[in-house]
Amino acid sequence: MSHPDAIWYYVDAQGQQQGPVTAQIVAGQFRLGRLTTTTLVWREGLPTWVGLDEVRQELGIAVAAAAPPVLPPAPPAAVPVQQPIAVRNESVAMPSRSVAPSVGAQDIVYAGFLRRWAALFIDSIILSVVFYTLSMFFGMAAVFGSAGLGSLDGSSSAALNGMFAMMYLFYFLMAGAYYSLLESSSNQATVGKMALGIKVTDSNGQRLSFLHALGRWVSAALSYLTFYIGFFFAGWTERKQALHDFVAGTLVVDRWAFTDQPEKQQRQLHGCAVAFLVMMALFAIIAVIGILAAIAIPAYQDYVQRSS
């Protein structure tokens, strides 16, 4: 029986259990020589771990030419299903017969609040620059157009208001397309998320479809309507999910999570996040100095005038 959407687990050359991954990833590892026909693999529905050679057709791996038959050795003693299987002096715990290992139990690095906030800040700057640049050109066109009329009458004023309303509608359409197209792409991330080394997946670690990504962007309105409290959920919840992640059933994780190289995940703050925090701290210091200067300079000038 074929299982094209099955989630697989395998034991690597170091005796470590890896997964969940797709059948394509397992097949790719086999073709690269990182797995062999004797590598132990498992998916939901299998009663126990099996050699890769037994399920190679399910994994899309071509069957090698048949070797001359040989007499099999004496069968080993039966091993209970729940007993760990020793691999290179290490053991791999056997998943339950009916339930695959939980995603939350895997070595997954979830993106915390600071990384997500820095990514959102970068994306907001990109969208704002594009939007206000276009607004400037449309605004100049509107001003020159109204100047040709000599004055604004009721109809031209209504036209200007309609144009500004269309500009704000364009912003939401642009933002929706930006987040949905990029988060459903092969990178699974916007420009800001790529800069911070994170990506968006569904609750099983899979790539989002365009409609799923669009639904996630729409549900982000809940986080805004809660006075941004919904975004702070990412700093409190177990899997660093914001309010809209719970609604859309999505995760924001390190870009190497749910891949065949999970050891590349970064647990500490990404370099871009550190640079962002330093920049924000500098802006805060400059703002405080500016406020103090705005208060102190007039007071000093007033003091000099009264003393002279």
# chains A, B, ... in the order shown; residues from 1 in each chain; ligands from 1
>>> residues_around(residues="Leu208 of chain A", least_positions_apart="5", cutoff="9 Å", atoms="only C-alpha atoms", output="VMD selection string")
chain A and resid 183 to 185 188 200 to 202 213 250
>>> select_by_dssp(residues="segment 179-278 of chain A", states="alpha helix (DSSP H)", output="ChimeraX atom specification")
/A:179-183,191-196,210-225,229-232,243-248,271-278
>>> closest_residue(among="A:Phe113, A:Thr259, A:Ala6, A:Ala159", to="Trp236 of chain A", atoms="only C-alpha atoms")
A:Phe113
>>> closest_residue(among="A:Asp12, A:Asp302, A:Glu44, A:Asp254", to="Arg115 of chain A", atoms="only C-alpha atoms")
A:Asp254
>>> residues_around(residues="segment 20-31 of chain A", least_positions_apart="6", cutoff="7 Å", atoms="only C-alpha atoms", output="NGL selection string")
:A and (6-9 or 59-61 or 258-259)
>>> atom_distance(atom1="atom CA of Thr237 of chain A", atom2="atom CA of Gln266 of chain A")
19.1 Å
>>> residues_around(residues="Ser180 of chain A", least_positions_apart="5", cutoff="7 Å", atoms="only C-alpha atoms", output="list in words")
Phe210, Ala213, Leu214 and Trp217 of chain A
>>> closest_residue(among="A:Val252, A:Val41, A:Met167, A:Leu160", to="Thr133 of chain A", atoms="only C-alpha atoms")
A:Met167
>>> atom_distance(atom1="atom CA of Lys240 of chain A", atom2="atom CA of Ile198 of chain A")
12.4 Å
>>> atom_distance(atom1="atom CA of Gly112 of chain A", atom2="atom CA of Val129 of chain A")
26.3 Å
>>> closest_residue(among="A:Ala248, A:Met166, A:Ala177, A:Ser186", to="His212 of chain A", atoms="only C-alpha atoms")
A:Ala248
>>> closest_residue(among="A:Gln17, A:Asp5, A:Thr36, A:Ala284", to="Trp49 of chain A", atoms="only C-alpha atoms")
A:Gln17
>>> decode(residues="segment 8-34 of chain A", atoms="N, CA and C atoms", output="tab-separated table (two decimals), in the first residue's frame")
chain	number	residue	atom	x	y	z
A	8	TRP	N	8.16	10.16	7.93
A	8	TRP	CA	9.11	9.08	8.20
A	8	TRP	C	10.12	9.47	9.26
A	9	TYR	N	10.69	8.46	9.89
A	9	TYR	CA	11.78	8.62	10.85
A	9	TYR	C	12.86	7.60	10.47
A	10	TYR	N	14.14	7.97	10.69
A	10	TYR	CA	15.20	7.04	10.36
A	10	TYR	C	16.34	7.18	11.36
A	11	VAL	N	17.23	6.19	11.36
A	11	VAL	CA	18.40	6.19	12.23
A	11	VAL	C	19.62	6.51	11.38
A	12	ASP	N	20.32	7.63	11.70
A	12	ASP	CA	21.45	8.03	10.87
A	12	ASP	C	22.69	7.20	11.19
A	13	ALA	N	23.80	7.55	10.54
A	13	ALA	CA	25.04	6.77	10.68
A	13	ALA	C	25.61	6.85	12.09
A	14	GLN	N	25.22	7.89	12.85
A	14	GLN	CA	25.69	8.01	14.23
A	14	GLN	C	24.77	7.33	15.23
A	15	GLY	N	23.75	6.66	14.73
A	15	GLY	CA	22.83	5.96	15.62
A	15	GLY	C	21.80	6.87	16.24
A	16	GLN	N	21.58	8.10	15.68
A	16	GLN	CA	20.63	9.03	16.21
A	16	GLN	C	19.33	8.99	15.41
A	17	GLN	N	18.21	9.04	16.13
A	17	GLN	CA	16.92	9.04	15.45
A	17	GLN	C	16.66	10.42	14.85
A	18	GLN	N	16.29	10.48	13.57
A	18	GLN	CA	16.00	11.73	12.88
A	18	GLN	C	14.56	11.72	12.37
A	19	GLY	N	13.98	12.87	12.28
A	19	GLY	CA	12.61	13.00	11.80
A	19	GLY	C	11.82	13.96	12.66
A	20	PRO	N	10.60	14.31	12.25
A	20	PRO	CA	9.88	13.77	11.08
A	20	PRO	C	10.37	14.38	9.77
A	21	VAL	N	10.43	13.59	8.72
A	21	VAL	CA	10.82	14.04	7.39
A	21	VAL	C	9.92	13.37	6.37
A	22	THR	N	9.96	13.89	5.15
A	22	THR	CA	9.16	13.31	4.07
A	22	THR	C	9.92	12.16	3.42
A	23	ALA	N	9.19	11.37	2.61
A	23	ALA	CA	9.81	10.27	1.90
A	23	ALA	C	10.88	10.76	0.93
A	24	GLN	N	10.67	11.97	0.36
A	24	GLN	CA	11.64	12.51	-0.57
A	24	GLN	C	12.98	12.78	0.11
A	25	ILE	N	12.94	13.24	1.36
A	25	ILE	CA	14.18	13.52	2.08
A	25	ILE	C	14.92	12.21	2.37
A	26	VAL	N	14.18	11.17	2.80
A	26	VAL	CA	14.83	9.88	3.05
A	26	VAL	C	15.47	9.35	1.78
A	27	ALA	N	14.74	9.44	0.66
A	27	ALA	CA	15.28	8.96	-0.60
A	27	ALA	C	16.52	9.75	-1.00
A	28	GLY	N	16.48	11.07	-0.79
A	28	GLY	CA	17.64	11.90	-1.11
A	28	GLY	C	18.85	11.54	-0.28
A	29	GLN	N	18.65	11.25	1.01
A	29	GLN	CA	19.76	10.84	1.86
A	29	GLN	C	20.35	9.51	1.39
A	30	PHE	N	19.48	8.61	0.91
A	30	PHE	CA	19.96	7.32	0.40
A	30	PHE	C	20.81	7.52	-0.85
A	31	ARG	N	20.34	8.39	-1.75
A	31	ARG	CA	21.09	8.61	-2.99
A	31	ARG	C	22.43	9.29	-2.72
A	32	LEU	N	22.51	10.10	-1.66
A	32	LEU	CA	23.77	10.74	-1.30
A	32	LEU	C	24.72	9.80	-0.57
A	33	GLY	N	24.27	8.59	-0.28
A	33	GLY	CA	25.11	7.61	0.38
A	33	GLY	C	25.13	7.74	1.90
A	34	ARG	N	24.26	8.60	2.46
A	34	ARG	CA	24.21	8.77	3.91
A	34	ARG	C	23.37	7.69	4.58
